[in-house]
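Structure data follow from work_9.tsv (TSV, C-alpha atoms):
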chain	number	residue	atom	x	y	z
A	1	MET	CA	-15.14	38.62	-57.30
A	2	GLN	CA	-11.66	37.70	-58.45
A	3	LYS	CA	-10.64	34.04	-58.22
A	4	TYR	CA	-6.98	33.11	-57.66
A	5	ASP	CA	-5.74	29.90	-59.22
A	6	ARG	CA	-2.21	30.02	-57.82
A	7	LEU	CA	0.08	32.15	-55.67
A	8	ARG	CA	3.80	31.77	-56.31
A	9	SER	CA	6.49	30.82	-53.80
A	10	SER	CA	10.13	31.86	-53.23
A	11	ASN	CA	9.49	35.56	-52.80
A	12	ARG	CA	11.61	35.99	-49.64
A	13	LEU	CA	8.54	37.10	-47.75
A	14	TYR	CA	8.84	37.22	-43.97
A	15	GLY	CA	6.71	37.85	-40.91
A	16	SER	CA	3.60	35.95	-39.89
A	17	ILE	CA	0.87	34.77	-42.22
A	18	PRO	CA	-2.20	37.05	-41.76
A	19	SER	CA	-4.77	35.55	-39.41
A	20	ASN	CA	-7.56	36.72	-41.75
A	21	ILE	CA	-6.00	35.19	-44.84
A	22	SER	CA	-9.23	33.44	-45.80
A	23	GLY	CA	-10.88	36.83	-46.21
A	24	LEU	CA	-8.09	37.90	-48.58
A	25	ILE	CA	-7.98	34.80	-50.79
A	26	HIS	CA	-11.26	33.05	-50.07
A	27	PHE	CA	-11.59	31.49	-53.54
A	28	VAL	CA	-7.99	30.36	-53.99
A	29	THR	CA	-7.55	26.76	-55.17
A	30	THR	CA	-3.75	26.43	-54.96
A	31	LEU	CA	-1.71	28.38	-52.44
A	32	ASP	CA	2.07	28.04	-52.50
A	33	LEU	CA	3.87	30.02	-49.80
A	34	SER	CA	6.90	27.73	-49.66
A	35	SER	CA	10.55	28.80	-49.58
A	36	ASN	CA	9.92	32.10	-47.83
A	37	ILE	CA	10.78	33.27	-44.31
A	38	PHE	CA	7.30	33.11	-42.78
A	39	SER	CA	7.27	32.64	-39.01
A	40	GLY	CA	4.62	32.26	-36.34
A	41	GLU	CA	1.76	29.76	-36.39
A	42	ILE	CA	-0.34	28.42	-39.24
A	43	PRO	CA	-3.62	30.41	-39.20
A	44	PRO	CA	-6.71	28.23	-38.59
A	45	ALA	CA	-8.49	30.61	-41.02
A	46	PHE	CA	-7.05	28.50	-43.86
A	47	ALA	CA	-9.98	26.17	-43.17
A	48	ASN	CA	-12.33	28.84	-44.58
A	49	CYS	CA	-10.66	28.58	-48.00
A	50	SER	CA	-13.10	25.86	-48.94
A	51	PHE	CA	-11.96	25.74	-52.60
A	52	SER	CA	-8.35	24.91	-51.71
A	53	ASN	CA	-6.97	21.65	-52.99
A	54	ARG	CA	-3.23	22.38	-52.62
A	55	LEU	CA	-1.51	24.17	-49.75
A	56	LYS	CA	2.28	24.39	-49.62
A	57	LEU	CA	3.91	25.94	-46.56
A	58	ASP	CA	7.23	24.09	-46.60
A	59	ASN	CA	10.68	25.65	-46.18
A	60	ASN	CA	9.67	28.43	-43.79
A	61	ARG	CA	10.08	29.04	-40.06
A	62	LEU	CA	6.56	28.25	-38.95
A	63	THR	CA	6.06	27.15	-35.35
A	64	GLY	CA	3.27	25.68	-33.24
A	65	SER	CA	1.00	22.85	-34.32
A	66	ILE	CA	-0.94	22.08	-37.47
A	67	PRO	CA	-4.56	23.28	-36.90
A	68	LEU	CA	-7.00	20.40	-36.73
A	69	VAL	CA	-9.62	22.41	-38.62
A	70	LEU	CA	-7.57	22.06	-41.82
A	71	THR	CA	-8.89	18.51	-42.07
A	72	PHE	CA	-12.31	20.04	-42.90
A	73	LEU	CA	-10.99	21.01	-46.35
A	74	ASP	CA	-12.54	18.06	-48.13
A	75	ARG	CA	-11.07	19.14	-51.50
A	76	MET	CA	-7.51	19.02	-50.19
A	77	LYS	CA	-5.28	16.80	-52.32
A	78	SER	CA	-1.82	18.08	-51.40
A	79	PHE	CA	-0.53	19.57	-48.16
A	80	SER	CA	3.13	20.21	-47.33
A	81	VAL	CA	4.80	21.76	-44.27
A	82	SER	CA	8.24	20.14	-44.40
A	83	ASN	CA	11.34	22.01	-43.20
A	84	ASN	CA	9.67	24.16	-40.56
A	85	LEU	CA	9.71	24.25	-36.76
A	86	LEU	CA	6.31	22.67	-36.19
A	87	SER	CA	5.43	20.34	-33.31
A	88	GLY	CA	2.57	18.21	-32.04
A	89	PRO	CA	0.49	15.45	-33.64
A	90	ILE	CA	-0.36	15.47	-37.35
A	91	PRO	CA	-4.13	15.78	-37.92
A	92	PRO	CA	-5.86	12.97	-39.87
A	93	PHE	CA	-6.14	14.48	-43.36
A	94	ASN	CA	-8.40	12.80	-45.90
A	95	ALA	CA	-5.74	13.24	-48.58
A	96	THR	CA	-3.04	10.64	-49.09
A	97	LEU	CA	0.08	12.28	-47.66
A	98	THR	CA	3.59	10.90	-47.20
A	99	ALA	CA	6.32	11.46	-44.64
A	100	GLU	CA	8.02	13.90	-47.06
A	101	ASN	CA	5.14	16.30	-46.62
A	102	PHE	CA	5.97	16.66	-42.90
A	103	ALA	CA	9.70	15.91	-42.77
A	104	HIS	CA	12.31	17.97	-40.91
A	105	ASN	CA	10.03	19.37	-38.23
A	106	PRO	CA	11.62	18.64	-34.83
A	107	GLY	CA	8.37	18.10	-32.92
A	108	LEU	CA	5.87	16.65	-35.40
A	109	CYS	CA	4.68	13.10	-34.76
A	110	GLY	CA	1.98	10.67	-35.79
A	111	LYS	CA	1.12	9.17	-39.16
A	112	PRO	CA	2.85	9.20	-41.55
A	113	LEU	CA	5.78	10.01	-39.20
A	114	ASP	CA	6.80	8.13	-36.05
A	115	PRO	CA	4.17	7.66	-33.32
A	116	CYS	CA	3.89	10.40	-30.74
A	117	GLN	CA	5.68	9.79	-27.46
A	118	SER	CA	4.13	10.52	-24.08
A	119	THR	CA	4.48	14.13	-23.05
A	120	SER	CA	5.76	15.46	-19.76
A	121	GLY	CA	2.24	15.16	-18.43
A	122	GLY	CA	2.27	11.42	-19.10
A	123	PRO	CA	4.64	10.39	-16.30
A	124	LYS	CA	2.92	12.77	-13.91
A	125	THR	CA	-0.39	11.18	-14.78
A	126	GLY	CA	1.12	7.75	-14.21
A	127	ILE	CA	2.52	8.84	-10.84
A	128	ILE	CA	-0.84	10.28	-9.79
A	129	ALA	CA	-2.65	7.13	-10.88
A	130	GLY	CA	-0.11	4.94	-9.10
A	131	ALA	CA	-0.40	7.00	-5.94
A	132	ALA	CA	-4.18	6.75	-6.09
A	133	VAL	CA	-4.05	2.96	-6.48
A	134	GLY	CA	-1.51	2.70	-3.68
A	135	GLY	CA	-3.66	4.86	-1.42
A	136	VAL	CA	-6.72	2.71	-2.06
A	137	THR	CA	-4.68	-0.44	-1.35
A	138	VAL	CA	-3.34	0.91	1.93
A	139	ALA	CA	-6.83	2.02	2.95
A	140	ALA	CA	-8.23	-1.44	2.16
A	141	ILE	CA	-5.51	-3.10	4.25
A	142	GLY	CA	-6.20	-0.70	7.11
A	143	VAL	CA	-9.92	-1.47	7.00
A	144	ALA	CA	-9.22	-5.22	6.95
A	145	ILE	CA	-6.94	-4.97	10.01
A	146	GLY	CA	-9.47	-2.83	11.83
A	147	MET	CA	-12.29	-5.28	11.11
A	148	PHE	CA	-10.11	-8.19	12.28
A	149	PHE	CA	-9.46	-6.62	15.69
A	150	TYR	CA	-13.08	-5.46	15.97
A	151	TYR	CA	-14.51	-8.94	15.47
A	152	ARG	CA	-11.85	-10.42	17.73
A	153	ARG	CA	-12.83	-8.02	20.50
A	154	MET	CA	-16.52	-8.73	19.95
A	155	ALA	CA	-15.87	-12.49	20.22
A	156	ALA	CA	-13.96	-12.00	23.48
A	157	THR	CA	-16.78	-9.86	24.89
A	158	ARG	CA	-19.41	-12.45	24.01
A	159	LYS	CA	-17.35	-15.21	25.62
A	160	LYS	CA	-17.01	-13.18	28.82
A	161	ASP	CA	-20.75	-12.49	28.92
A	162	ASP	CA	-21.55	-16.18	28.48
A	163	ASP	CA	-19.11	-17.32	31.18
A	164	PRO	CA	-18.01	-14.37	33.36
A	165	ASP	CA	-16.36	-16.63	35.96
A	166	GLY	CA	-14.71	-18.87	33.41
A	167	ASN	CA	-16.39	-22.03	34.77
A	168	LYS	CA	-19.86	-22.69	33.44
A	169	TRP	CA	-20.18	-25.98	35.33
A	170	ALA	CA	-20.05	-24.15	38.67
A	171	LYS	CA	-23.31	-22.39	37.97
A	172	SER	CA	-25.25	-25.62	38.49
A	173	LEU	CA	-23.91	-25.84	42.04
A	174	LYS	CA	-24.75	-22.33	43.22
A	175	GLY	CA	-27.69	-20.83	45.12
A	176	GLU	CA	-31.21	-21.93	44.73
A	177	LYS	CA	-30.50	-24.19	41.82
A	178	CYS	CA	-28.66	-26.67	44.04
A	179	VAL	CA	-31.40	-26.57	46.66
A	180	SER	CA	-34.04	-27.14	44.08
A	181	VAL	CA	-32.15	-30.13	42.77
A	182	PHE	CA	-31.85	-31.75	46.18
A	183	GLU	CA	-35.42	-30.86	47.09
A	184	LYS	CA	-36.56	-32.45	43.94
A	185	GLU	CA	-34.60	-35.63	44.64
A	186	VAL	CA	-35.81	-35.86	48.27
A	187	SER	CA	-39.41	-35.43	47.21
A	188	LYS	CA	-39.12	-38.58	45.17
A	189	MET	CA	-38.22	-40.72	48.27
A	190	LYS	CA	-41.15	-42.90	49.45
A	191	LEU	CA	-42.28	-42.96	53.06
A	192	ASN	CA	-41.69	-46.71	53.40
A	193	ASP	CA	-38.12	-46.28	52.24
A	194	LEU	CA	-37.61	-43.49	54.75
A	195	MET	CA	-39.10	-45.61	57.57
A	196	LYS	CA	-36.81	-48.47	56.76
A	197	ALA	CA	-33.76	-46.21	56.58
A	198	THR	CA	-34.47	-44.69	60.01
A	199	ASN	CA	-35.97	-47.77	61.70
A	200	SER	CA	-39.28	-46.01	61.98
A	201	PHE	CA	-37.47	-42.89	63.20
A	202	ASN	CA	-36.09	-44.79	66.25
A	203	LYS	CA	-32.58	-44.88	67.57
A	204	ILE	CA	-30.79	-48.04	66.54
A	205	ILE	CA	-29.81	-50.18	69.57
A	206	PRO	CA	-26.59	-52.08	69.07
A	207	SER	CA	-26.82	-55.82	69.42
A	208	ASP	CA	-23.32	-56.14	70.87
A	209	PRO	CA	-23.22	-55.69	74.70
A	210	GLU	CA	-19.93	-53.75	74.39
A	211	GLU	CA	-21.63	-51.38	72.03
A	212	GLN	CA	-24.44	-51.02	74.61
A	213	GLY	CA	-21.92	-50.06	77.26
A	214	LEU	CA	-22.52	-53.14	79.35

Rewrite the structure of this file - the entire thing - as structure tokens.
Amino acid sequence: MQKYDRLRSSNRLYGSIPSNISGLIHFVTTLDLSSNIFSGEIPPAFANCSFSNRLKLDNNRLTGSIPLVLTFLDRMKSFSVSNNLLSGPIPPFNATLTAENFAHNPGLCGKPLDPCQSTSGGPKTGIIAGAAVGGVTVAAIGVAIGMFFYYRRMAATRKKDDDPDGNKWAKSLKGEKCVSVFEKEVSKMKLNDLMKATNSFNKIIPSDPEEQGL
């Protein structure tokens, strides 16, 4: 099987790079497609070119993102996609690459370029998270208020049950309790004391004649 050491650049080729390119140049070690008019996305099939150590795709019109699977090329020493229309984060290549290898792509970000900014989904995610936290807070406040009034009502109910007439002291003066108290006190009086108090149960005759009606 034929082995390609290098494919030249600057041929004014255009169109998209074949998606099955690894089947066409499986044993290539250096592939230079720079300074052409290639468009479309970078084929992930490049990752099947396991012998590749240099891949130059700069100065084209390539779009989309850099496939993450290209980082599986453990022999890769040089990779260049500058001056294209690529976007998205730069995958973590094992090779030592500089900002020049990725320069002049309007949407590329990450090392060795500037850090990626939050996408349009970021603020939405923040809004959703904030709304969720706010909803939980409002619910917690509502539960706290509800519990406050519940326990307050329960305390009022218990107080009413304990003292329905609002005067506990009056209970000791009502009904049989009062009678029992007096009966208990009278039962303690001795007969001698009762005889003395009533003059042996006789009517007391006044000593003063006027009091006797005389």

> When you draw a straight line from atom CA of A:Ser78 to atom CA of A:Cys116, how long is it in Å?
Replying inline: 22.8 Å

> Got a sec: who's within 9 Å of stretch 45-62 of chain A, counting only C-alpha atoms, leaving out chain neighbours fewer than 3 positions off, as a ChimeraX atom specification?
Replying inline: /A:9,14,16,19-23,25-42,67,69-86,101-102

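Here atom CA of A:Pro106 and atom CA of A:Pro92 stand 19.1 Å from one another.
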
>> Quick check, in Å to one decimal: how far apart do atom CA of A:Asn11 and atom CA of A:Cys109 lie?
In response: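 Going from atom CA of A:Asn11 over to atom CA of A:Cys109, I get 29.2 Å.
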
Could you write out as lines of an AutoDock Vina configuration file the box around stretch 90-100 of chain A (axis-aligned, all atoms listed in the file, 3 Å on each side), with centre and edge lengths in Å to one decimal?
center_x = -0.2
center_y = 13.2
center_z = -43.2
size_x = 22.4
size_y = 11.1
size_z = 17.7
